[in-house]
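Remarks on the structure that follows.
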Amino acid sequence: MAEGLYRYKPNATLAIVCAGLFGISAIIHLIVMIKRKAWFFTAFVIGAIMMTLGYIARFASARKDTSVMLYAIQSLLIILPPSLYAATMYMIFGRLVVFVNHPSASLIRPTRVTKIFVTGDTLSFLLQAGGGGMMSISSMANMGQTLIMVGLACQLLFFGFFLVMAITFRQRMLKSFIPKTGKYNWHSLMTILLIASGLIIARCVFRMVEFGLGRDGALMAKEAYVYIGDTLLMFLVQIMFHFRHASRVFAEPVGNVGGMKVFSTSNVELGHVHPQGPRMLHKHDSYEPLTGPR
């Protein structure tokens with residue numbers, strides 16, 4: 001057994017490699033967000049930056065594995081980002097429901113989706129942040145660990161319901177025969193949301209079991225478990241949205257009027273739903289002549 005705060009000798013090289021990978025992904029997401037003015041992706045980008053800083057802190061902690069402060073910082077910065085990923089995914093779902101103009105297919109009104117789930121996500125975030133802070137104080141470490149578990153349980157509860165809602169929405173949409181046109185269509189984005197949701201839930205379960213077993217548990221005995229049960233899953237979540245970014249989907253043509261392609265904006269606003277069909281037409285739509293068969 002290694003001396004220090006870890007039950008193993010942490011791999012500094014692996015930590016800095018992960019920091020580099022998450023960092024590159026974070027920069028790309030930041031550039032795309034600014035370029036396409038996809039401000040609803042802000043929480044996701046912040047989460048990606050935090051994850052990068054978390055592995056930089058883990059690198060420092062690996063080189064000085066007796067520092068309680070470094071251990072707590074890296075733990076906190078790696079544990080919290082999934083809550084920010086989730087917050088963005090809630091906002092994407094709400095906008096997606098509006099985009100296809102089928103609010104009745106959602107179990108919850110799109111105007112309420114973000115409010116309800118982000119509220120739960122914020123509660124989870126604060127509980128985990130508070131628990132992480134307590135873990136840096138030796139006398140409050142056990143209480144901090146318990147608080148993190150409560151936060152993870154809260155996240156699992158809300159995200160589990162979100163997954164059920166997303167699956168239900170997808171099934172209802174498929175029965176409605178809404179067209180799936182273009183490379184970046186609503187169905188491809190919905191698929192990414194479902195896969196990402198599954199990965200975050202799996203990671204949440206892993207962390208709950210890890211903290212539940214405690215320091216003497218099997219999951220804290222080997223570093224590989226953390227990189228497989230957390231790092232890999234969250235990196236996949238970040239990477240997936242490079243290939244199917246929500247702002248590209250919302251910019252796809254959603255119909256045509258009088259021989260003109262209709263493009264919805266990347267800034268779909270909740271509540272602006274038109275009563276007829278899956279096409280959203282408003283003053284911000286842009287038009288392009290149809291040059292060939294669709």
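By convention in this document, the chains of the structure tokens carry letters A, B, ... by their order, each chain's residues are numbered from 1, and ligands are numbered from 1 in the order they are shown.
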Exercise: range 119-135 of chain A partners within 12 Å, only C-alpha atoms, chain neighbours under 4 positions left out, as a short mmCIF file (atom, residue, chain, number, x, y, z; two decimals) with N, CA and C atoms, in the first residue's frame:
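Final file, selection.cif:
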```cif
data_model
loop_
_atom_site.label_atom_id
_atom_site.label_comp_id
_atom_site.auth_asym_id
_atom_site.auth_seq_id
_atom_site.Cartn_x
_atom_site.Cartn_y
_atom_site.Cartn_z
N LEU A 5 -2.20 10.01 0.84
CA LEU A 5 -3.65 10.04 0.85
C LEU A 5 -4.28 9.03 -0.10
N ALA A 43 -22.37 26.37 -19.46
CA ALA A 43 -22.14 25.48 -18.32
C ALA A 43 -21.28 24.28 -18.73
N GLY A 47 -17.64 23.31 -17.27
CA GLY A 47 -17.37 21.96 -16.76
C GLY A 47 -16.13 21.36 -17.39
N VAL A 68 -3.14 17.41 1.72
CA VAL A 68 -4.59 17.28 1.82
C VAL A 68 -5.28 18.29 0.91
N MET A 69 -4.73 19.51 0.83
CA MET A 69 -5.33 20.56 0.01
C MET A 69 -5.34 20.17 -1.47
N LEU A 70 -4.22 19.71 -1.99
CA LEU A 70 -4.15 19.31 -3.39
C LEU A 70 -5.08 18.13 -3.68
N TYR A 71 -5.14 17.21 -2.76
CA TYR A 71 -6.02 16.04 -2.91
C TYR A 71 -7.48 16.49 -2.99
N ALA A 72 -7.86 17.41 -2.09
CA ALA A 72 -9.25 17.89 -2.05
C ALA A 72 -9.59 18.68 -3.31
N ILE A 73 -8.65 19.50 -3.78
CA ILE A 73 -8.89 20.33 -4.96
C ILE A 73 -9.10 19.47 -6.21
N GLN A 74 -8.21 18.49 -6.40
CA GLN A 74 -8.35 17.64 -7.58
C GLN A 74 -9.63 16.82 -7.52
N SER A 75 -9.97 16.36 -6.34
CA SER A 75 -11.18 15.57 -6.18
C SER A 75 -12.43 16.40 -6.50
N LEU A 76 -12.45 17.61 -5.97
CA LEU A 76 -13.61 18.50 -6.17
C LEU A 76 -13.77 18.89 -7.64
N LEU A 77 -12.66 19.26 -8.29
CA LEU A 77 -12.72 19.70 -9.68
C LEU A 77 -13.07 18.58 -10.65
N ILE A 78 -12.83 17.34 -10.26
CA ILE A 78 -13.17 16.20 -11.11
C ILE A 78 -14.58 15.70 -10.84
N ILE A 79 -15.05 15.83 -9.60
CA ILE A 79 -16.38 15.35 -9.23
C ILE A 79 -17.49 16.26 -9.74
N LEU A 80 -17.28 17.58 -9.73
CA LEU A 80 -18.35 18.54 -10.03
C LEU A 80 -18.75 18.70 -11.50
N PRO A 81 -17.85 18.65 -12.48
CA PRO A 81 -18.21 18.94 -13.87
C PRO A 81 -19.42 18.21 -14.45
N PRO A 82 -19.65 16.91 -14.13
CA PRO A 82 -20.82 16.25 -14.71
C PRO A 82 -22.14 16.97 -14.40
N SER A 83 -22.22 17.67 -13.27
CA SER A 83 -23.42 18.44 -12.97
C SER A 83 -23.60 19.57 -13.98
N LEU A 84 -22.50 20.15 -14.43
CA LEU A 84 -22.55 21.22 -15.41
C LEU A 84 -22.86 20.67 -16.80
N TYR A 85 -22.33 19.49 -17.12
CA TYR A 85 -22.69 18.84 -18.38
C TYR A 85 -24.21 18.59 -18.40
N ALA A 86 -24.71 18.09 -17.27
CA ALA A 86 -26.13 17.77 -17.17
C ALA A 86 -27.00 19.01 -17.35
N ALA A 87 -26.59 20.13 -16.75
CA ALA A 87 -27.36 21.36 -16.87
C ALA A 87 -27.50 21.78 -18.33
N THR A 88 -26.43 21.66 -19.09
CA THR A 88 -26.47 22.00 -20.51
C THR A 88 -27.37 21.04 -21.28
N MET A 89 -27.32 19.78 -20.93
CA MET A 89 -28.15 18.79 -21.61
C MET A 89 -29.63 19.03 -21.35
N TYR A 90 -29.97 19.50 -20.15
CA TYR A 90 -31.36 19.85 -19.87
C TYR A 90 -31.81 20.99 -20.78
N MET A 91 -30.94 21.99 -20.93
CA MET A 91 -31.28 23.14 -21.77
C MET A 91 -31.39 22.74 -23.23
N ARG A 112 -40.62 24.44 -18.69
CA ARG A 112 -40.37 24.05 -17.30
C ARG A 112 -39.21 23.07 -17.15
N VAL A 113 -38.82 22.45 -18.26
CA VAL A 113 -37.75 21.44 -18.20
C VAL A 113 -36.49 22.01 -17.57
N THR A 114 -36.00 23.12 -18.12
CA THR A 114 -34.76 23.72 -17.61
C THR A 114 -34.90 24.13 -16.16
N LYS A 115 -36.02 24.77 -15.81
CA LYS A 115 -36.22 25.25 -14.45
C LYS A 115 -36.19 24.10 -13.43
N SER A 139 -11.07 16.52 10.29
CA SER A 139 -12.11 16.24 11.29
C SER A 139 -13.50 16.17 10.67
N MET A 140 -13.66 16.66 9.43
CA MET A 140 -14.97 16.69 8.78
C MET A 140 -14.99 15.83 7.52
N ALA A 141 -13.95 15.05 7.31
CA ALA A 141 -13.82 14.25 6.09
C ALA A 141 -14.97 13.27 5.90
N ASN A 142 -15.35 12.56 6.97
CA ASN A 142 -16.43 11.58 6.88
C ASN A 142 -17.76 12.25 6.54
N MET A 143 -18.02 13.39 7.18
CA MET A 143 -19.25 14.13 6.90
C MET A 143 -19.25 14.64 5.45
N GLY A 144 -18.08 15.08 5.00
CA GLY A 144 -17.96 15.55 3.63
C GLY A 144 -18.23 14.45 2.63
N GLN A 145 -17.73 13.27 2.91
CA GLN A 145 -17.95 12.12 2.03
C GLN A 145 -19.43 11.76 1.97
N THR A 146 -20.10 11.83 3.13
CA THR A 146 -21.54 11.55 3.18
C THR A 146 -22.32 12.58 2.38
N LEU A 147 -21.92 13.84 2.49
CA LEU A 147 -22.59 14.92 1.77
C LEU A 147 -22.44 14.75 0.26
N ILE A 148 -21.27 14.32 -0.17
CA ILE A 148 -21.04 14.07 -1.59
C ILE A 148 -21.95 12.95 -2.07
N MET A 149 -22.11 11.91 -1.26
CA MET A 149 -22.99 10.80 -1.63
C MET A 149 -24.44 11.25 -1.76
N VAL A 150 -24.86 12.14 -0.87
CA VAL A 150 -26.23 12.68 -0.95
C VAL A 150 -26.39 13.49 -2.24
N GLY A 151 -25.37 14.29 -2.56
CA GLY A 151 -25.39 15.07 -3.79
C GLY A 151 -25.45 14.18 -5.03
N LEU A 152 -24.68 13.10 -5.01
CA LEU A 152 -24.69 12.15 -6.13
C LEU A 152 -26.04 11.45 -6.25
N ALA A 153 -26.65 11.13 -5.11
CA ALA A 153 -27.96 10.49 -5.11
C ALA A 153 -29.01 11.44 -5.69
N CYS A 154 -28.90 12.72 -5.35
CA CYS A 154 -29.80 13.74 -5.88
C CYS A 154 -29.63 13.84 -7.40
N GLN A 155 -28.40 13.85 -7.84
CA GLN A 155 -28.11 13.91 -9.27
C GLN A 155 -28.67 12.70 -10.00
N LEU A 156 -28.49 11.53 -9.41
CA LEU A 156 -28.97 10.29 -10.01
C LEU A 156 -30.50 10.29 -10.11
N LEU A 157 -31.17 10.80 -9.09
CA LEU A 157 -32.63 10.85 -9.08
C LEU A 157 -33.16 11.73 -10.22
N PHE A 158 -32.64 12.95 -10.30
CA PHE A 158 -33.10 13.88 -11.33
C PHE A 158 -32.71 13.41 -12.72
N PHE A 159 -31.48 12.91 -12.86
CA PHE A 159 -31.02 12.51 -14.18
C PHE A 159 -31.71 11.24 -14.64
N GLY A 160 -32.04 10.38 -13.69
CA GLY A 160 -32.77 9.17 -14.04
C GLY A 160 -34.14 9.50 -14.62
N PHE A 161 -34.82 10.46 -13.99
CA PHE A 161 -36.13 10.88 -14.50
C PHE A 161 -35.98 11.58 -15.85
N PHE A 162 -34.91 12.35 -15.99
CA PHE A 162 -34.65 13.03 -17.26
C PHE A 162 -34.47 12.00 -18.38
N CYS A 204 -22.19 8.26 -12.19
CA CYS A 204 -22.78 8.62 -10.90
C CYS A 204 -22.90 7.39 -10.00
N ARG A 207 -19.43 6.40 -8.73
CA ARG A 207 -18.96 7.26 -7.64
C ARG A 207 -19.70 6.98 -6.33
N MET A 208 -21.00 6.70 -6.43
CA MET A 208 -21.77 6.38 -5.22
C MET A 208 -21.26 5.10 -4.58
N PHE A 211 -17.70 5.83 -3.01
CA PHE A 211 -17.75 6.51 -1.72
C PHE A 211 -18.46 5.68 -0.67
#
```
Every residue of range 71-189 of chain A that DSSP places in alpha helix (DSSP H), as number ranges by chain: A: 71-79, 81-99, 110-135, 141-175, 186-189
Contacts of range 149-244 of chain A with range 22-32 of chain A up to 10 Å, shortest pair per row, only C-alpha atoms, as JSON lines:
```
{"residue": "A:Thr231", "atom": "CA", "partner": "A:Phe22", "partner_atom": "CA", "distance": 9.6}
{"residue": "A:Met234", "atom": "CA", "partner": "A:Phe22", "partner_atom": "CA", "distance": 9.3}
{"residue": "A:Phe235", "atom": "CA", "partner": "A:Phe22", "partner_atom": "CA", "distance": 6.9}
{"residue": "A:Gln238", "atom": "CA", "partner": "A:Ser25", "partner_atom": "CA", "distance": 6.9}
{"residue": "A:Ile239", "atom": "CA", "partner": "A:Ser25", "partner_atom": "CA", "distance": 7.0}
{"residue": "A:Phe241", "atom": "CA", "partner": "A:His29", "partner_atom": "CA", "distance": 8.5}
{"residue": "A:His242", "atom": "CA", "partner": "A:His29", "partner_atom": "CA", "distance": 7.3}
```
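Interatomic distance, CA of Leu219 in chain A against CA of Ser67 in chain A: 21.3 Å.
For the pair CA of Val164 in chain A and CA of Thr111 in chain A, the interatomic distance is 18.0 Å.
Non-sequential neighbours of Lys222 in chain A (distance at most 10 Å, separation of 4 or more positions within a chain, only C-alpha atoms) are A:Tyr6, A:Arg7, A:Tyr8, A:Lys9, A:Pro10, A:Gly217, A:Ala218, A:Val226, A:Tyr227.
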Spatial neighbours of range 189-202 of chain A, max dist 6 Å, only C-alpha atoms, sep filter under 2 positions, as a list in words: Trp186, His187, Cys204, Val205, Leu233 and Val237 of chain A
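When only C-alpha atoms are used to compute distances to Arg203 in chain A, the closest of the residues A:Ile167, A:Leu236, A:Leu107, A:Ala48 turns out to be A:Leu236.
Nearest residue to Ile228 in chain A, choosing from A:Ile137, A:Phe206, A:Asp216, A:Met240 and counting only C-alpha atoms: A:Phe206.
Going from CA of Ile49 in chain A to CA of Asp65 in chain A covers 23.1 Å.
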8 Å contact set for His102 in chain A, only C-alpha atoms, chain neighbours under 4 positions out, as a ChimeraX atom specification: /A:97-98,106,173,278
